[in-house]
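Peer 1: Quick one: the structure is below, and I'll ask about it shortly.
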Amino acid sequence: MPLSPYSPQRSSVVPAEASDREQIGLIGLGLMGSAMAERFLARGLEVLGFDIDPACQAALVSRGGRAAASVAMLAVSCRRIILSLPNSDAVQTLLEQLEPDLRPGQVIMDTTTGRPEAALAAARRLAGSGVSYVEAMISGNSSQVRRGEVLIIAGGAAEAIARCDDLFACFASRVLHCGDWGSASKMKLVSNLVLGLNRAVLAEGLAFAGRLGLNLEQTLAVLRESMGYSRVMDTKGDKMIVGDFEPQARLS
């Protein structure tokens with residue numbers, strides 16, 4: 001099916017006075033999760049977060065969020081719960097912990113990059129309990145999340161995705177609905193393949209330029225104006241030149 005684009009920035013964000021009655025659940029407070037939490041809090045939303053790392057929970061509290069003692073607390077307290085986990089296995093384990101306390105009408109928004117078949121299985125499993133599952137794959141890194149510049153590749157029912165629109169508006173510049181459950185995870189795998197190859201080619205090109213004795217800053221400037229341009233040059237080019245390898249995403 002064709003992509004269905006819409007701009008989440010044109011959606012109305014829940015105002016602070018109205019958000020007192022709703023807490024946004026966030027499970028996984030690592031690179032991406034903490035960045036999303038910062039954006040939610042900056043927009044006046046209440047965030048109830050959980051992470052197996054106490055330091056991550058403490059960081060959330062220091063920014064004005066609340067830490068949950070267990071995932072069950074989020075299932076009971078939050079109408080919408082966001083997952084930002086390392087992989088599909090972690091999602092499956094987490095859902096098993098959440099399920100006993102979930103209720104019809106809730107929404108699970110999963111930003112975890114994982115297996116398409118696992119996303120489909122999770123969605124079908126939750127649907128049996130009346131819980132909506134939304135794939136919300138993030139194209140971009142944690143720094144771009146903090147600037148509200150990422151693309152959301154969404155999969156699932158259009159109605160469920162629309163229920164997350166005010167949340168997308170906090171940290172994304174655009175949302176593309178790719179189709180049913182599993183479609184977003186498939187698209188993210190394709191995107192990551194191309195992205196990874198672009199990064200590798202840029203690194204090879206800069207290394208080649210260095211061996212030829214060319215000025216690397218000038219080389220990058222030329223590449224940005226050439227037919228070989230890719231957005232990776234803007235996000236990673238300068239970092240490659242200065243040797244800044246501070247993590248922004250997991251290589252796996």
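We label chains A, B, ... in the order they appear in the structure tokens, count residues from 1 in each chain, and number ligands from 1 in the order shown.
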Would you list, as a PyMOL selection string, the residues of range 1-172 of chain A that end up in helix (DSSP H, G or I) under DSSP run on this structure's backbone?

Peer 2: chain A and resi 8-10+16-19+31-42+54-62+71-77+88-101+116-127+142-147+158-162+165-171

Peer 1: Just want the 10 Å neighbourhood of Phe245 in chain A, counted on only C-alpha atoms, with same-chain residues fewer than 4 positions away dropped. Output as a list in words.

Peer 2: Lys236, Lys239 and Met240 of chain A

Peer 1: Select from range 42-148 of chain A every residue with an atom at most 12 Å from any atom of range 158-176 of chain A, then for each give the shortest pair of atoms and their distance in Å to one decimal, using only C-alpha atoms, rows by chain and rising number, as JSON lines.

Peer 2:
{"residue": "A:Ala42", "atom": "CA", "partner": "A:Cys170", "partner_atom": "CA", "distance": 8.6}
{"residue": "A:Arg43", "atom": "CA", "partner": "A:Cys170", "partner_atom": "CA", "distance": 6.9}
{"residue": "A:Gly44", "atom": "CA", "partner": "A:Cys170", "partner_atom": "CA", "distance": 10.1}
{"residue": "A:Leu45", "atom": "CA", "partner": "A:Leu167", "partner_atom": "CA", "distance": 9.3}
{"residue": "A:Glu46", "atom": "CA", "partner": "A:Leu167", "partner_atom": "CA", "distance": 11.6}
{"residue": "A:Val47", "atom": "CA", "partner": "A:Leu167", "partner_atom": "CA", "distance": 11.5}
{"residue": "A:Arg79", "atom": "CA", "partner": "A:Arg163", "partner_atom": "CA", "distance": 10.7}
{"residue": "A:Arg80", "atom": "CA", "partner": "A:Cys164", "partner_atom": "CA", "distance": 8.1}
{"residue": "A:Ile81", "atom": "CA", "partner": "A:Cys164", "partner_atom": "CA", "distance": 10.0}
{"residue": "A:Ile82", "atom": "CA", "partner": "A:Leu167", "partner_atom": "CA", "distance": 9.7}
{"residue": "A:Gly105", "atom": "CA", "partner": "A:Ala160", "partner_atom": "CA", "distance": 9.8}
{"residue": "A:Gln106", "atom": "CA", "partner": "A:Ala160", "partner_atom": "CA", "distance": 9.7}
{"residue": "A:Val107", "atom": "CA", "partner": "A:Ala160", "partner_atom": "CA", "distance": 7.3}
{"residue": "A:Ile108", "atom": "CA", "partner": "A:Ala160", "partner_atom": "CA", "distance": 9.3}
{"residue": "A:Met109", "atom": "CA", "partner": "A:Cys164", "partner_atom": "CA", "distance": 7.8}
{"residue": "A:Asp110", "atom": "CA", "partner": "A:Cys164", "partner_atom": "CA", "distance": 11.1}
{"residue": "A:Thr111", "atom": "CA", "partner": "A:Phe168", "partner_atom": "CA", "distance": 11.1}
{"residue": "A:Ala123", "atom": "CA", "partner": "A:Ala160", "partner_atom": "CA", "distance": 11.6}
{"residue": "A:Ala127", "atom": "CA", "partner": "A:Ala160", "partner_atom": "CA", "distance": 11.5}
{"residue": "A:Gly130", "atom": "CA", "partner": "A:Ala160", "partner_atom": "CA", "distance": 11.7}
{"residue": "A:Val131", "atom": "CA", "partner": "A:Ala160", "partner_atom": "CA", "distance": 9.7}
{"residue": "A:Ser132", "atom": "CA", "partner": "A:Ala160", "partner_atom": "CA", "distance": 6.3}
{"residue": "A:Tyr133", "atom": "CA", "partner": "A:Ala160", "partner_atom": "CA", "distance": 7.4}
{"residue": "A:Val134", "atom": "CA", "partner": "A:Ile161", "partner_atom": "CA", "distance": 6.2}
{"residue": "A:Glu135", "atom": "CA", "partner": "A:Ile161", "partner_atom": "CA", "distance": 8.4}
{"residue": "A:Ala136", "atom": "CA", "partner": "A:Ile161", "partner_atom": "CA", "distance": 8.6}
{"residue": "A:Met137", "atom": "CA", "partner": "A:Val175", "partner_atom": "CA", "distance": 9.7}
{"residue": "A:Ile138", "atom": "CA", "partner": "A:Ala172", "partner_atom": "CA", "distance": 8.6}
{"residue": "A:Ser139", "atom": "CA", "partner": "A:Ala172", "partner_atom": "CA", "distance": 9.4}
{"residue": "A:Gly140", "atom": "CA", "partner": "A:Ala172", "partner_atom": "CA", "distance": 9.5}
{"residue": "A:Asn141", "atom": "CA", "partner": "A:Ala172", "partner_atom": "CA", "distance": 11.3}
{"residue": "A:Ser142", "atom": "CA", "partner": "A:Phe171", "partner_atom": "CA", "distance": 10.1}
{"residue": "A:Ser143", "atom": "CA", "partner": "A:Phe171", "partner_atom": "CA", "distance": 10.5}
{"residue": "A:Gln144", "atom": "CA", "partner": "A:Phe171", "partner_atom": "CA", "distance": 8.4}
{"residue": "A:Val145", "atom": "CA", "partner": "A:Phe171", "partner_atom": "CA", "distance": 5.4}
{"residue": "A:Arg146", "atom": "CA", "partner": "A:Phe171", "partner_atom": "CA", "distance": 6.7}
{"residue": "A:Arg147", "atom": "CA", "partner": "A:Phe171", "partner_atom": "CA", "distance": 7.1}
{"residue": "A:Gly148", "atom": "CA", "partner": "A:Phe171", "partner_atom": "CA", "distance": 4.0}

Peer 1: Can you list, as a ChimeraX atom specification, every protein, DNA or RNA residue that comes within 7 Å of Gly155 in chain A when you count only C-alpha atoms, leaving out same-chain residues fewer than 3 positions away?

Peer 2: /A:134-136,177-184

Peer 1: Figure out the distance between CA of Gly28 in chain A and CA of Asp244 in chain A, please, to one decimal in Å.

Peer 2: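 Value for the CA of Asp244 in chain A-CA of Gly28 in chain A distance: 25.3 Å.
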
Peer 1: Point out the residue among A:Glu22, A:Glu225, A:Glu204, A:Asp89 with the least atom-to-atom distance to Thr113 in chain A, counting only C-alpha atoms.

Peer 2: A:Asp89

Peer 1: Can you tell me how far CA of Ala59 in chain A sits from CA of Leu98 in chain A, in Å to one decimal?

Peer 2: 23.3 Å

Peer 1: Identify, with DSSP run on backbone atoms, the residues in range 49-238 of chain A assigned to strand (DSSP E), and express the list as a PyMOL selection string.

Peer 2: chain A and resi 49-50+66-67+80-83+107-110+132-139+150-155+172-179

Peer 1: Take the selection from the previous step and output its residues with N, CA and C atoms, as a tab-separated table (two decimals), in the first residue's frame.

Peer 2:
chain	number	residue	atom	x	y	z
A	49	GLY	N	8.35	6.35	34.20
A	49	GLY	CA	9.30	5.51	33.49
A	49	GLY	C	9.81	4.33	34.29
A	50	PHE	N	10.25	3.32	33.56
A	50	PHE	CA	10.85	2.14	34.19
A	50	PHE	C	12.05	1.70	33.38
A	66	ARG	N	8.81	10.62	36.83
A	66	ARG	CA	8.61	9.73	37.96
A	66	ARG	C	9.12	8.35	37.61
A	67	ALA	N	9.69	7.66	38.57
A	67	ALA	CA	10.19	6.30	38.37
A	67	ALA	C	9.18	5.31	38.91
A	80	ARG	N	-1.37	4.99	27.78
A	80	ARG	CA	-0.46	4.79	26.66
A	80	ARG	C	0.94	4.49	27.20
A	81	ILE	N	1.53	3.41	26.69
A	81	ILE	CA	2.83	2.96	27.17
A	81	ILE	C	3.77	2.84	25.98
A	82	ILE	N	4.95	3.44	26.09
A	82	ILE	CA	5.95	3.41	25.03
A	82	ILE	C	7.07	2.45	25.42
A	83	LEU	N	7.47	1.61	24.47
A	83	LEU	CA	8.57	0.68	24.69
A	83	LEU	C	9.78	1.15	23.88
A	107	VAL	N	-2.93	1.54	24.71
A	107	VAL	CA	-2.10	1.53	23.51
A	107	VAL	C	-0.65	1.25	23.91
A	108	ILE	N	-0.04	0.29	23.24
A	108	ILE	CA	1.39	0.02	23.39
A	108	ILE	C	2.08	0.55	22.14
A	109	MET	N	2.92	1.54	22.29
A	109	MET	CA	3.67	2.11	21.18
A	109	MET	C	5.11	1.60	21.27
A	110	ASP	N	5.50	0.76	20.33
A	110	ASP	CA	6.79	0.08	20.39
A	110	ASP	C	7.78	0.71	19.42
A	132	SER	N	-4.29	-1.98	21.77
A	132	SER	CA	-3.76	-1.62	20.46
A	132	SER	C	-2.23	-1.61	20.49
A	133	TYR	N	-1.65	-2.14	19.43
A	133	TYR	CA	-0.19	-2.16	19.29
A	133	TYR	C	0.20	-1.31	18.10
A	134	VAL	N	1.11	-0.36	18.32
A	134	VAL	CA	1.58	0.52	17.26
A	134	VAL	C	3.09	0.36	17.11
A	135	GLU	N	3.51	0.00	15.89
A	135	GLU	CA	4.94	0.03	15.59
A	135	GLU	C	5.33	1.47	15.30
A	136	ALA	N	6.35	1.95	15.97
A	136	ALA	CA	6.80	3.33	15.76
A	136	ALA	C	8.32	3.32	15.63
A	137	MET	N	8.78	2.87	14.47
A	137	MET	CA	10.22	2.79	14.24
A	137	MET	C	10.80	4.20	14.07
A	138	ILE	N	11.90	4.46	14.73
A	138	ILE	CA	12.52	5.79	14.68
A	138	ILE	C	13.67	5.78	13.69
A	139	SER	N	13.58	6.64	12.68
A	139	SER	CA	14.69	6.83	11.75
A	139	SER	C	15.44	8.08	12.17
A	150	VAL	N	13.39	13.54	13.99
A	150	VAL	CA	13.38	12.18	13.44
A	150	VAL	C	12.11	11.90	12.64
A	151	LEU	N	12.21	10.87	11.81
A	151	LEU	CA	11.07	10.35	11.07
A	151	LEU	C	10.53	9.13	11.82
A	152	ILE	N	9.22	9.03	11.94
A	152	ILE	CA	8.58	7.85	12.50
A	152	ILE	C	8.05	7.00	11.36
A	153	ILE	N	8.47	5.74	11.31
A	153	ILE	CA	7.95	4.77	10.35
A	153	ILE	C	6.94	3.93	11.13
A	154	ALA	N	5.66	4.14	10.84
A	154	ALA	CA	4.61	3.55	11.67
A	154	ALA	C	3.94	2.37	10.99
A	155	GLY	N	3.54	1.40	11.80
A	155	GLY	CA	2.80	0.25	11.32
A	155	GLY	C	1.68	-0.09	12.28
A	172	ALA	N	9.18	14.06	16.83
A	172	ALA	CA	9.37	13.71	15.42
A	172	ALA	C	8.91	14.86	14.52
A	173	SER	N	9.50	14.95	13.34
A	173	SER	CA	9.10	15.97	12.38
A	173	SER	C	8.08	15.43	11.39
A	174	ARG	N	8.02	14.10	11.25
A	174	ARG	CA	7.11	13.51	10.26
A	174	ARG	C	6.81	12.07	10.62
A	175	VAL	N	5.63	11.61	10.22
A	175	VAL	CA	5.22	10.21	10.42
A	175	VAL	C	4.78	9.66	9.08
A	176	LEU	N	5.27	8.46	8.74
A	176	LEU	CA	4.83	7.76	7.54
A	176	LEU	C	4.22	6.43	7.95
A	177	HIS	N	2.97	6.22	7.59
A	177	HIS	CA	2.27	4.97	7.89
A	177	HIS	C	2.51	3.99	6.74
A	178	CYS	N	3.22	2.90	7.05
A	178	CYS	CA	3.64	1.95	6.00
A	178	CYS	C	2.64	0.83	5.76
A	179	GLY	N	1.72	0.60	6.70
A	179	GLY	CA	0.77	-0.49	6.52
A	179	GLY	C	0.49	-1.19	7.83

Peer 1: In terms of the shortest atom-to-atom distance over only C-alpha atoms, which of A:Leu26, A:Leu206, A:Ser226, A:Arg39 is closest to Gly243 in chain A?

Peer 2: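 Selected residue with least distance to Gly243 in chain A: A:Leu206.
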
Peer 1: Just want the 7 Å neighbourhood of Arg115 in chain A, counted on only C-alpha atoms, with same-chain residues fewer than 3 positions away dropped. Output as a list in words.

Peer 2: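 The contact residues come out as Ser88, Ala118, Ala119 and Ser185 of chain A.
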